[in-house]
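Colleague: Just so it is clear, I am handing over target-v9.cif, which has mmCIF, C-alpha atoms.
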data_my_file
#
loop_
_atom_site.label_atom_id
_atom_site.label_comp_id
_atom_site.auth_asym_id
_atom_site.auth_seq_id
_atom_site.Cartn_x
_atom_site.Cartn_y
_atom_site.Cartn_z
CA MET A 1 -24.14 7.86 -21.02
CA GLN A 2 -21.04 9.48 -22.48
CA GLN A 3 -17.68 8.05 -21.43
CA VAL A 4 -15.72 10.67 -19.47
CA ASN A 5 -11.94 10.67 -19.88
CA LYS A 6 -10.39 13.76 -18.33
CA ASN A 7 -7.23 15.04 -16.71
CA VAL A 8 -7.92 15.96 -13.08
CA THR A 9 -5.73 18.31 -11.07
CA LEU A 10 -5.06 17.15 -7.51
CA THR A 11 -4.04 19.93 -5.11
CA GLY A 12 -2.12 19.05 -1.95
CA PRO A 13 -0.06 20.66 0.82
CA SER A 14 1.25 24.18 0.16
CA SER A 15 -0.85 24.24 -3.04
CA GLU A 16 1.39 21.60 -4.63
CA GLN A 17 -0.36 20.10 -7.65
CA THR A 18 -0.23 17.04 -9.85
CA THR A 19 -2.40 15.75 -12.69
CA VAL A 20 -4.00 12.33 -13.08
CA GLN A 21 -6.18 10.86 -15.79
CA VAL A 22 -9.65 9.72 -14.69
CA LEU A 23 -11.81 7.47 -16.87
CA VAL A 24 -15.50 7.28 -15.93
CA GLN A 25 -16.82 4.35 -17.92
CA GLY A 26 -19.93 3.34 -16.06
CA LEU A 27 -22.83 4.42 -13.87
CA GLU A 28 -24.85 2.55 -11.30
CA TYR A 29 -28.45 3.63 -10.71
CA ASP A 30 -30.25 2.59 -7.54
CA TRP A 31 -34.02 2.83 -7.22
CA GLY A 32 -34.14 1.07 -3.85
CA SER A 33 -37.65 0.28 -2.60
CA LEU A 34 -39.49 1.99 -5.46
CA SER A 35 -42.15 -0.21 -7.03
CA ASN A 36 -40.42 -0.74 -10.38
CA SER A 37 -39.84 -3.51 -12.86
CA THR A 38 -37.59 -3.81 -15.91
CA ALA A 39 -38.34 -4.30 -19.57
CA ILE A 40 -36.35 -4.24 -22.80
CA ASN A 41 -35.56 -0.71 -23.92
CA ASP A 42 -36.31 -0.35 -27.65
CA LYS A 43 -35.73 3.43 -27.83
CA LEU A 44 -32.23 4.81 -28.38
CA GLY A 45 -33.24 8.46 -28.06
CA LEU A 46 -30.22 10.60 -28.94
CA GLU A 47 -27.69 7.86 -28.16
CA SER A 48 -25.70 5.89 -30.73
CA GLY A 49 -26.07 2.44 -29.19
CA TYR A 50 -26.82 0.33 -26.14
CA CYS A 51 -24.48 0.09 -23.16
CA SER A 52 -23.38 -3.15 -21.55
CA ASN A 53 -25.59 -3.42 -18.49
CA SER A 54 -26.69 -5.68 -15.66
CA THR A 55 -29.88 -5.29 -13.63
CA THR A 56 -31.09 -6.52 -10.25
CA SER A 57 -34.36 -5.93 -8.40
CA SER A 58 -33.21 -2.53 -7.15
CA MET A 59 -30.28 -1.44 -9.29
CA THR A 60 -28.98 -1.28 -12.83
CA LYS A 61 -25.34 -0.89 -13.83
CA ILE A 62 -24.33 0.32 -17.28
CA LEU A 63 -20.85 0.34 -18.80
CA ASN A 64 -19.66 2.22 -21.85
CA ASN A 65 -16.68 0.58 -23.55
CA SER A 66 -16.36 3.15 -26.35
CA MET A 67 -16.09 6.90 -26.66
CA SER A 68 -19.50 7.17 -28.36
CA SER A 69 -22.62 7.63 -26.24
CA CYS A 70 -24.89 4.74 -25.20
CA ILE A 71 -28.06 4.00 -23.28
CA SER A 72 -29.11 1.11 -21.06
CA SER A 73 -30.86 -1.73 -22.83
CA ALA A 74 -33.14 -2.05 -19.79
CA ALA A 75 -36.09 0.27 -19.24
CA ILE A 76 -37.61 0.87 -15.81
CA ILE A 77 -41.40 0.68 -15.55
CA SER A 78 -43.48 1.91 -12.62
CA LYS A 79 -45.72 -0.90 -11.43
CA SER A 80 -48.19 1.55 -9.94
CA GLY A 81 -48.62 3.36 -13.24
CA SER A 82 -48.09 6.72 -11.58
CA GLU A 83 -45.15 9.08 -11.92
CA ASN A 84 -42.35 8.72 -9.41
CA ILE A 85 -38.66 9.56 -9.09
CA PRO A 86 -36.56 7.39 -11.41
CA PHE A 87 -33.76 6.59 -8.95
CA TYR A 88 -32.48 7.46 -5.49
CA PHE A 89 -28.87 8.00 -6.47
CA VAL A 90 -26.33 7.40 -9.18
CA ARG A 91 -22.84 6.08 -8.50
CA PRO A 92 -19.90 6.27 -10.95
CA ILE A 93 -17.63 3.42 -12.01
CA PHE A 94 -14.21 4.89 -12.70
CA GLU A 95 -10.50 4.22 -13.10
CA ILE A 96 -7.65 6.47 -12.01
CA LYS A 97 -4.64 5.90 -14.22
CA LYS A 98 -1.02 6.04 -13.03
CA LEU A 99 -1.83 7.65 -9.68
CA LEU A 100 1.42 6.59 -8.00
CA GLU A 101 3.46 7.88 -10.92
CA ALA A 102 1.70 11.25 -10.68
CA LEU A 103 2.40 11.54 -6.93
CA LYS A 104 5.99 10.32 -7.08
CA GLY A 105 8.29 12.91 -5.51
CA LYS A 106 5.40 14.94 -4.10
CA ALA A 107 5.11 15.97 -0.47
CA GLU A 108 3.20 13.87 2.03
CA GLY A 109 -0.37 14.98 2.65
CA VAL A 110 -3.95 15.06 1.40
CA TYR A 111 -4.55 15.79 -2.30
CA VAL A 112 -8.01 16.79 -3.54
CA GLY A 113 -9.48 17.15 -7.03
CA SER A 114 -12.80 16.77 -8.83
CA VAL A 115 -14.32 16.13 -12.24
CA LYS A 116 -17.83 16.86 -13.49
CA VAL A 117 -19.70 13.78 -14.73
CA PRO A 118 -22.67 14.47 -17.05
CA PHE A 119 -25.46 11.95 -17.53
CA ARG A 120 -28.91 11.81 -19.09
CA TYR A 121 -32.04 9.80 -18.50
CA TYR A 122 -35.06 9.41 -20.76
CA PHE A 123 -38.66 9.21 -19.68
CA TYR A 124 -42.17 9.41 -21.07
CA ASN A 125 -44.06 12.50 -19.99
CA SER A 126 -47.77 12.70 -19.21
CA MET A 127 -48.53 12.85 -22.96
CA SER A 128 -46.43 9.67 -23.60
CA ILE A 129 -43.78 11.67 -25.43
CA LEU A 130 -40.22 10.42 -25.02
CA THR A 131 -38.12 13.19 -23.55
CA TYR A 132 -34.94 13.46 -21.48
CA ARG A 133 -33.25 15.36 -18.69
CA ASN A 134 -29.56 16.27 -18.54
CA LEU A 135 -27.94 16.10 -15.12
CA SER A 136 -24.40 16.12 -13.73
CA PHE A 137 -22.52 15.66 -10.48
CA ASN A 138 -19.03 16.44 -9.23
CA LEU A 139 -16.92 13.35 -8.58
CA THR A 140 -14.43 14.41 -5.89
CA PHE A 141 -11.23 12.54 -5.06
CA GLN A 142 -9.36 12.83 -1.76
CA VAL A 143 -6.04 11.00 -1.67
CA ASN A 144 -4.10 10.69 1.59
CA TYR A 145 -0.58 10.31 0.22
CA LEU A 146 1.94 8.70 2.56
CA PRO A 147 5.03 8.16 0.41
CA GLU A 148 7.66 5.55 1.24
CA THR A 149 10.81 5.01 -0.77
CA PHE A 150 13.94 3.06 0.02
CA THR A 151 16.77 4.40 -2.14
CA SER A 152 20.02 3.23 -0.56
CA LEU A 153 21.57 1.19 2.24
CA ILE A 154 25.08 1.58 3.68
CA VAL A 155 26.49 -0.96 6.14
CA THR A 156 29.73 0.05 7.86
CA PRO A 157 31.39 -2.63 10.04
CA GLU A 158 33.41 -1.66 13.08
CA ASN A 159 36.93 -3.18 12.98
CA GLY A 160 36.01 -5.00 9.78
CA GLY A 161 33.41 -7.04 11.64
CA VAL A 162 36.05 -8.73 13.82
CA MET A 163 35.18 -9.51 17.46
CA SER A 164 38.49 -8.95 19.16
CA PRO A 165 38.63 -11.03 22.37
CA GLN A 166 38.73 -9.19 25.67
CA TYR A 167 39.97 -11.27 28.61
CA GLY A 168 38.81 -10.91 32.18
CA SER A 169 39.30 -13.03 35.27
CA GLY A 170 38.98 -16.45 33.69
CA THR A 171 36.49 -15.18 31.09
CA VAL A 172 36.53 -13.89 27.55
CA LYS A 173 34.14 -11.74 25.58
CA GLY A 174 34.03 -10.07 22.19
CA GLU A 175 31.84 -7.60 20.33
CA THR A 176 31.60 -5.65 17.09
CA ARG A 177 29.12 -3.25 15.58
CA PHE A 178 27.61 -2.68 12.18
CA ASN A 179 26.36 0.83 11.50
CA ILE A 180 23.28 0.80 9.28
CA GLU A 181 22.31 3.92 7.33
CA THR A 182 19.23 3.84 5.10
CA LEU A 183 18.18 6.69 2.83
CA GLY A 184 14.78 7.36 1.24
CA TYR A 185 11.48 8.54 2.67
CA PHE A 186 9.95 6.57 5.54
CA ASN A 187 6.62 6.73 7.36
CA THR A 188 7.20 4.10 10.05
CA GLY A 189 10.73 2.84 9.48
CA ILE A 190 12.83 0.19 7.78
CA LYS A 191 12.21 -3.49 8.36
CA MET A 192 14.80 -6.25 8.71
CA LYS A 193 14.08 -9.93 8.25
CA PHE A 194 16.28 -12.46 10.06
CA ASP A 195 16.61 -16.19 9.50
CA THR A 196 14.65 -17.77 12.36
CA SER A 197 15.76 -21.35 11.61
CA LYS A 198 19.44 -20.61 12.16
CA THR A 199 21.45 -21.00 15.38
CA TYR A 200 23.72 -18.00 15.62
CA SER A 201 27.10 -19.46 16.62
CA LEU A 202 30.74 -18.86 15.75
CA THR A 203 32.42 -22.04 14.51
CA HIS A 204 36.08 -22.91 15.11
CA ASP A 205 38.11 -22.87 11.90
CA THR A 206 39.48 -26.43 12.31
CA GLN A 207 37.51 -28.03 15.15
CA THR A 208 34.06 -27.42 13.72
CA GLU A 209 32.32 -29.03 16.70
CA LYS A 210 33.57 -26.15 18.86
CA LYS A 211 31.08 -23.28 18.75
CA ILE A 212 30.48 -19.98 20.55
CA PRO A 213 26.83 -18.75 20.54
CA TYR A 214 26.56 -15.02 19.94
CA TYR A 215 23.89 -12.35 20.31
CA VAL A 216 22.53 -9.72 17.91
CA HIS A 217 21.22 -6.47 19.39
CA CYS A 218 19.76 -3.35 17.79
CA ASP A 219 20.11 -0.06 19.64
CA THR A 220 16.92 1.66 18.37
CA CYS A 221 14.72 -1.19 17.11
CA GLU A 222 11.36 -2.12 18.60
CA ASP A 223 12.94 -5.49 19.48
CA GLN A 224 16.35 -4.47 20.78
CA VAL A 225 17.38 -8.07 21.55
CA ILE A 226 17.00 -9.95 18.27
CA VAL A 227 19.19 -12.95 19.09
CA GLY A 228 19.87 -13.84 22.72
CA ASP A 229 23.12 -14.88 24.39
CA ASN A 230 22.29 -18.53 23.60
CA GLY A 231 22.39 -17.88 19.85
CA ASN A 232 18.64 -18.31 19.39
CA VAL A 233 16.21 -15.79 17.93
CA THR A 234 14.07 -14.33 20.72
CA THR A 235 10.41 -15.31 21.13
CA SER A 236 9.07 -11.87 20.18
CA VAL A 237 11.04 -11.87 16.92
CA LEU A 238 10.00 -15.48 16.22
CA ASN A 239 6.36 -14.48 16.70
CA ASN A 240 6.83 -11.79 14.04
CA ALA A 241 8.33 -14.23 11.50
CA GLY A 242 11.82 -12.81 12.02
CA VAL A 243 10.84 -9.24 11.11
CA VAL A 244 12.24 -6.38 13.20
CA LEU A 245 11.36 -2.69 12.73
CA ALA A 246 13.93 0.07 13.02
CA PRO A 247 11.63 3.09 13.44
CA VAL A 248 12.11 6.43 11.72
CA GLY A 249 12.84 9.53 13.77
CA SER A 250 12.13 13.19 13.14
CA ASP A 251 14.11 13.11 9.88
CA LYS A 252 12.00 10.95 7.59
CA THR A 253 14.66 10.85 4.87
CA ARG A 254 17.18 8.69 6.76
CA ILE A 255 17.39 6.05 9.49
CA ASN A 256 20.69 5.44 11.27
CA TYR A 257 21.20 2.71 13.86
CA ASN A 258 23.61 -0.03 15.00
CA LEU A 259 23.50 -3.80 15.00
CA THR A 260 25.75 -5.11 17.77
CA VAL A 261 27.02 -8.66 17.46
CA GLY A 262 28.99 -10.34 20.23
CA TYR A 263 29.41 -12.90 22.98
CA SER A 264 30.08 -12.36 26.66
CA ASP A 265 31.33 -14.06 29.83
CA LYS A 266 32.55 -17.29 28.26
CA THR A 267 34.96 -19.14 30.51
CA VAL A 268 38.38 -19.80 29.07
CA ASN A 269 37.64 -23.52 29.44
CA GLU A 270 34.72 -23.15 27.02
CA VAL A 271 36.77 -21.50 24.31
CA VAL A 272 39.40 -23.38 22.34
CA THR A 273 42.25 -21.24 21.06
CA GLY A 274 41.94 -20.46 17.36
CA GLY A 275 39.93 -18.51 14.84
CA TYR A 276 36.10 -18.52 14.79
CA SER A 277 33.71 -17.24 12.12
CA ASP A 278 30.10 -17.21 11.04
CA SER A 279 27.79 -15.27 8.76
CA PHE A 280 24.10 -14.45 8.65
CA VAL A 281 21.79 -12.78 6.17
CA VAL A 282 19.56 -9.77 6.89
CA ILE A 283 16.97 -8.69 4.32
CA PHE A 284 16.02 -5.00 4.40
CA GLY A 285 12.75 -3.65 3.05
CA LEU A 286 9.76 -1.40 3.59
CA ASP A 287 7.38 -4.30 4.14
CA PHE A 288 7.34 -8.07 4.26
#
Just give me the structure as structure tokens.

Modeller:
Amino acid sequence: MQQVNKNVTLTGPSSEQTTVQVLVQGLEYDWGSLSNSTAINDKLGLESGYCSNSTTSSMTKILNNSMSSCISSAAIISKSGSENIPFYFVRPIFEIKKLLEALKGKAEGVYVGSVKVPFRYYFYNSMSILTYRNLSFNLTFQVNYLPETFTSLIVTPENGGVMSPQYGSGTVKGETRFNIETLGYFNTGIKMKFDTSKTYSLTHDTQTEKKIPYYVHCDTCEDQVIVGDNGNVTTSVLNNAGVVLAPVGSDKTRINYNLTVGYSDKTVNEVVTGGYSDSFVVIFGLDF
């Protein structure tokens, strides 16, 4: 076989094109249930050397590690002594180089391209003369490209992230929002990972034993209640290892949503006068 190293044009939506390099460096021949056996091949024919090959009872695989041509070191012999087809099918062993780089910035969709792979097999004819036959097949690639990129994240706190207390009839509550804007290109959405071992509570500045559990809600996420009123991560989020999906909408280039953090309906007897604070970490990514 001759090693094939070619540039292949992939054509996608609206005739958009990109080029990738395809290296075909091996072939796999399958002779299935044919009554064949193997022997050492001592005839090079027109080839410059022997390929690296492995053989089983129904298949031989040859690899070419150089640009010069080669032939399998195994010969196939018909046990019946009569002529028969040499193999049922041939399958290529190939490598596509830098595919993601080639598709970067391209539109979502299906990209198709092909390359012709030539190959040759030798055989002895009815007069025991070594001869050969040149064949070829088209190796076709179909790539379903679903790009995802995460280019920027902007977090804008409402009122600087301060939960200003609002007093009712013997109760107090507080709430703030964080607007999240992510830019890029998204198929399903952006994922957030929360710390599931943490208790989400505000701690008094001086009397650290005094705490106010708070909740974390997301207005558009699949799990809208991430942390409940008791300051604990909800069961559904726990079962997903703390990962919450904010799904993408019709505009796949941006996702905009709010995280609401607050506490509600605490009696004034539960809350000691003073300042309270806490922090938590959210990791954003395309996948975890």

Colleague: Find the spatial neighbours of Ser14 of chain A, counting only C-alpha atoms, within a cut-off of 10 Å - ignore same-chain residues fewer than 3 positions away - and output them as a list in words.

Modeller: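 In the requested form, the answer reads Thr11, Gln17, Ala107 and Gly109 of chain A.
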
Colleague: I need the output of the PyMOL selection byres ((chain A and resi 252) around 10) for this file as a ChimeraX atom specification; which residues are they?

Modeller: /A:148,183-189,247-251,253-255

Colleague: Give me, please, the distance in Å between atom CA of Leu44 of chain A and atom CA of Val24 of chain A, quoted to one decimal.

Modeller: 21.0 Å

Colleague: What does the structure give for the distance between atom CA of Val112 of chain A and atom CA of Asn5 of chain A, in Å to one decimal?

Modeller: 17.9 Å

Colleague: Tell me which residues come within 9 Å of (25.1, -13.3, 18.0), as a list in words, counting all atoms listed in the file in the file's coordinates.

Modeller: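 Those residues, ordered by chain and then number, are Thr199, Tyr200, Ser201, Leu202, Ile212, Pro213, Tyr214, Tyr215, Val216, His217, Ile226, Val227, Gly228, Asp229, Asn230, Gly231, Asn232, Thr260, Val261, Gly262 and Tyr263 of chain A.
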
Colleague: Run through the PyMOL selection byres ((chain A and resi 95) around 8) on the given coordinates and return the selected residues as an MDAnalysis selection string.

Modeller: chainID A and resid 22:25 93:94 96:97

Colleague: Residues as selected, C-alpha atoms, written as a PDB file, keeping the file's coordinate frame, can you do that?

Modeller:
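Okay, this is what ended up in out.pdb:
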ATOM      1  CA  VAL A  22      -9.650   9.720 -14.690  1.00  0.00           C
ATOM      2  CA  LEU A  23     -11.810   7.470 -16.870  1.00  0.00           C
ATOM      3  CA  VAL A  24     -15.500   7.280 -15.930  1.00  0.00           C
ATOM      4  CA  GLN A  25     -16.820   4.350 -17.920  1.00  0.00           C
ATOM      5  CA  ILE A  93     -17.630   3.420 -12.010  1.00  0.00           C
ATOM      6  CA  PHE A  94     -14.210   4.890 -12.700  1.00  0.00           C
ATOM      7  CA  ILE A  96      -7.650   6.470 -12.010  1.00  0.00           C
ATOM      8  CA  LYS A  97      -4.640   5.900 -14.220  1.00  0.00           C
TER       9      LYS A  97
END

Colleague: Which of these, A:Ser114, A:Asn269, A:Thr18, A:Asn240, has the shortest distance to Lys191 of chain A once you count only C-alpha atoms?

Modeller: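 Closest to Lys191 of chain A of all the choices is A:Asn240.
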
Colleague: For Leu130 of chain A, find every residue with an atom within 12 Å (counting only C-alpha atoms), except residues of its own chain fewer than 3 positions away, and show them as a PDB file with C-alpha atoms, in the coordinates of the input.

Modeller:
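Written output follows (result38.pdb):
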ATOM      1  CA  ASP A  42     -36.310  -0.350 -27.650  1.00  0.00           C
ATOM      2  CA  LYS A  43     -35.730   3.430 -27.830  1.00  0.00           C
ATOM      3  CA  LEU A  44     -32.230   4.810 -28.380  1.00  0.00           C
ATOM      4  CA  GLY A  45     -33.240   8.460 -28.060  1.00  0.00           C
ATOM      5  CA  LEU A  46     -30.220  10.600 -28.940  1.00  0.00           C
ATOM      6  CA  TYR A 121     -32.040   9.800 -18.500  1.00  0.00           C
ATOM      7  CA  TYR A 122     -35.060   9.410 -20.760  1.00  0.00           C
ATOM      8  CA  PHE A 123     -38.660   9.210 -19.680  1.00  0.00           C
ATOM      9  CA  TYR A 124     -42.170   9.410 -21.070  1.00  0.00           C
ATOM     10  CA  ASN A 125     -44.060  12.500 -19.990  1.00  0.00           C
ATOM     11  CA  SER A 126     -47.770  12.700 -19.210  1.00  0.00           C
ATOM     12  CA  MET A 127     -48.530  12.850 -22.960  1.00  0.00           C
ATOM     13  CA  ARG A 133     -33.250  15.360 -18.690  1.00  0.00           C
TER      14      ARG A 133
END

Colleague: Given all atoms listed in the file as the basis, pick out the residue of A:Asn65, A:Gln207, A:Thr196, A:Asn258 nearest to Thr176 of chain A.

Modeller: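 Nearest candidate to Thr176 of chain A out of A:Asn65, A:Gln207, A:Thr196, A:Asn258: A:Asn258.
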
Colleague: Using only C-alpha atoms, find the one residue out of A:Gln21, A:Tyr257, A:Cys221, A:Phe280 that sits nearest to Thr156 of chain A.

Modeller: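 Among A:Gln21, A:Tyr257, A:Cys221, A:Phe280, it is A:Tyr257 that comes nearest to Thr156 of chain A.
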
Colleague: Between atom CA of Gly274 of chain A and atom CA of Pro165 of chain A, what is the distance in Å, rounded to a tenth?

Modeller: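 Separating atom CA of Gly274 of chain A from atom CA of Pro165 of chain A is a distance of 11.2 Å.
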
Colleague: So which residues get picked by the PyMOL selection byres ((chain A and resi 208) around 12) here, written as a PyMOL selection string?

Modeller: chain A and resi 201-207+209-212+272+274-278

Colleague: Mind giving me the axis-aligned box for segment 47-55 of chain A with 8 Å on every side, centre plus edges in Å to one decimal, as lines of an AutoDock Vina configuration file?

Modeller:
center_x = -26.6
center_y = 1.1
center_z = -22.2
size_x = 22.5
size_y = 29.5
size_z = 33.1

Colleague: Kindly indicate which residue among A:Met1, A:Cys218, A:Asn84, A:Val90 lies nearest to Glu47 of chain A, using only C-alpha atoms for the distances.

Modeller: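 That would be A:Met1, the residue with the smallest distance to Glu47 of chain A.
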
Colleague: Determine the nearest neighbour of Val225 of chain A from the options A:Val281, A:Met192, A:Leu259, A:Ile85, counting all atoms listed in the file.

Modeller: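 Ranking A:Val281, A:Met192, A:Leu259, A:Ile85 by distance to Val225 of chain A, first place goes to A:Leu259.
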
Colleague: Taking all heavy atoms as the atom set, what does segment 195-205 of chain A look like once completed, written as an mmCIF file, in the frame of the given file?

Modeller:
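So the final result, stored in rebuild-v2.cif, reads:
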data_model
loop_
_atom_site.group_PDB
_atom_site.id
_atom_site.type_symbol
_atom_site.label_atom_id
_atom_site.label_comp_id
_atom_site.auth_asym_id
_atom_site.auth_seq_id
_atom_site.Cartn_x
_atom_site.Cartn_y
_atom_site.Cartn_z
ATOM 1 N N ASP A 195 16.847 -14.757 9.641
ATOM 2 C CA ASP A 195 16.610 -16.190 9.500
ATOM 3 C C ASP A 195 16.300 -16.772 10.877
ATOM 4 O O ASP A 195 17.142 -16.778 11.771
ATOM 5 C CB ASP A 195 17.862 -16.846 8.908
ATOM 6 C CG ASP A 195 17.665 -18.343 8.629
ATOM 7 O OD1 ASP A 195 16.594 -18.884 8.985
ATOM 8 O OD2 ASP A 195 18.590 -18.954 8.071
ATOM 9 N N THR A 196 15.065 -17.254 11.053
ATOM 10 C CA THR A 196 14.650 -17.770 12.360
ATOM 11 C C THR A 196 14.991 -19.247 12.547
ATOM 12 O O THR A 196 14.852 -19.780 13.649
ATOM 13 C CB THR A 196 13.132 -17.590 12.554
ATOM 14 O OG1 THR A 196 12.439 -18.253 11.487
ATOM 15 C CG2 THR A 196 12.759 -16.113 12.545
ATOM 16 N N SER A 197 15.429 -19.928 11.496
ATOM 17 C CA SER A 197 15.760 -21.350 11.610
ATOM 18 C C SER A 197 17.225 -21.574 11.968
ATOM 19 O O SER A 197 17.635 -22.699 12.272
ATOM 20 C CB SER A 197 15.439 -22.074 10.293
ATOM 21 O OG SER A 197 16.239 -21.565 9.232
ATOM 22 N N LYS A 198 17.990 -20.508 11.956
ATOM 23 C CA LYS A 198 19.440 -20.610 12.160
ATOM 24 C C LYS A 198 19.788 -20.496 13.645
ATOM 25 O O LYS A 198 19.156 -19.765 14.401
ATOM 26 C CB LYS A 198 20.111 -19.477 11.381
ATOM 27 C CG LYS A 198 21.590 -19.278 11.655
ATOM 28 C CD LYS A 198 22.115 -18.081 10.884
ATOM 29 C CE LYS A 198 23.534 -17.736 11.294
ATOM 30 N NZ LYS A 198 24.481 -18.838 11.030
ATOM 31 N N THR A 199 20.824 -21.224 14.073
ATOM 32 C CA THR A 199 21.450 -21.000 15.380
ATOM 33 C C THR A 199 22.658 -20.111 15.158
ATOM 34 O O THR A 199 23.552 -20.430 14.373
ATOM 35 C CB THR A 199 21.877 -22.326 16.032
ATOM 36 O OG1 THR A 199 20.725 -23.140 16.245
ATOM 37 C CG2 THR A 199 22.550 -22.073 17.364
ATOM 38 N N TYR A 200 22.682 -18.993 15.832
ATOM 39 C CA TYR A 200 23.720 -18.000 15.620
ATOM 40 C C TYR A 200 24.918 -18.348 16.509
ATOM 41 O O TYR A 200 24.941 -18.057 17.709
ATOM 42 C CB TYR A 200 23.181 -16.604 15.917
ATOM 43 C CG TYR A 200 22.154 -16.144 14.895
ATOM 44 C CD1 TYR A 200 20.854 -16.644 14.915
ATOM 45 C CD2 TYR A 200 22.495 -15.237 13.900
ATOM 46 C CE1 TYR A 200 19.917 -16.241 13.967
ATOM 47 C CE2 TYR A 200 21.569 -14.816 12.951
ATOM 48 C CZ TYR A 200 20.279 -15.337 12.992
ATOM 49 O OH TYR A 200 19.355 -14.941 12.049
ATOM 50 N N SER A 201 25.919 -19.003 15.881
ATOM 51 C CA SER A 201 27.100 -19.460 16.620
ATOM 52 C C SER A 201 28.342 -19.293 15.752
ATOM 53 O O SER A 201 28.310 -19.534 14.534
ATOM 54 C CB SER A 201 26.982 -20.938 17.018
ATOM 55 O OG SER A 201 25.911 -21.129 17.916
ATOM 56 N N LEU A 202 29.434 -18.885 16.402
ATOM 57 C CA LEU A 202 30.740 -18.860 15.750
ATOM 58 C C LEU A 202 31.316 -20.261 15.756
ATOM 59 O O LEU A 202 31.255 -20.963 16.774
ATOM 60 C CB LEU A 202 31.676 -17.901 16.483
ATOM 61 C CG LEU A 202 31.239 -16.435 16.552
ATOM 62 C CD1 LEU A 202 32.114 -15.676 17.558
ATOM 63 C CD2 LEU A 202 31.314 -15.776 15.188
ATOM 64 N N THR A 203 31.877 -20.680 14.636
ATOM 65 C CA THR A 203 32.420 -22.040 14.510
ATOM 66 C C THR A 203 33.938 -21.974 14.389
ATOM 67 O O THR A 203 34.482 -21.152 13.633
ATOM 68 C CB THR A 203 31.833 -22.733 13.265
ATOM 69 O OG1 THR A 203 30.407 -22.761 13.384
ATOM 70 C CG2 THR A 203 32.345 -24.166 13.150
ATOM 71 N N HIS A 204 34.614 -22.839 15.146
ATOM 72 C CA HIS A 204 36.080 -22.910 15.110
ATOM 73 C C HIS A 204 36.540 -23.275 13.708
ATOM 74 O O HIS A 204 35.914 -24.091 13.018
ATOM 75 C CB HIS A 204 36.580 -23.934 16.134
ATOM 76 C CG HIS A 204 38.041 -23.858 16.419
ATOM 77 N ND1 HIS A 204 38.985 -24.430 15.607
ATOM 78 C CD2 HIS A 204 38.736 -23.275 17.453
ATOM 79 C CE1 HIS A 204 40.182 -24.209 16.102
ATOM 80 N NE2 HIS A 204 40.064 -23.513 17.237
ATOM 81 N N ASP A 205 37.652 -22.673 13.281
ATOM 82 C CA ASP A 205 38.110 -22.870 11.900
ATOM 83 C C ASP A 205 38.468 -24.319 11.598
ATOM 84 O O ASP A 205 38.241 -24.808 10.483
ATOM 85 C CB ASP A 205 39.340 -21.987 11.633
ATOM 86 C CG ASP A 205 38.964 -20.508 11.545
ATOM 87 O OD1 ASP A 205 37.761 -20.212 11.388
ATOM 88 O OD2 ASP A 205 39.879 -19.656 11.638
#
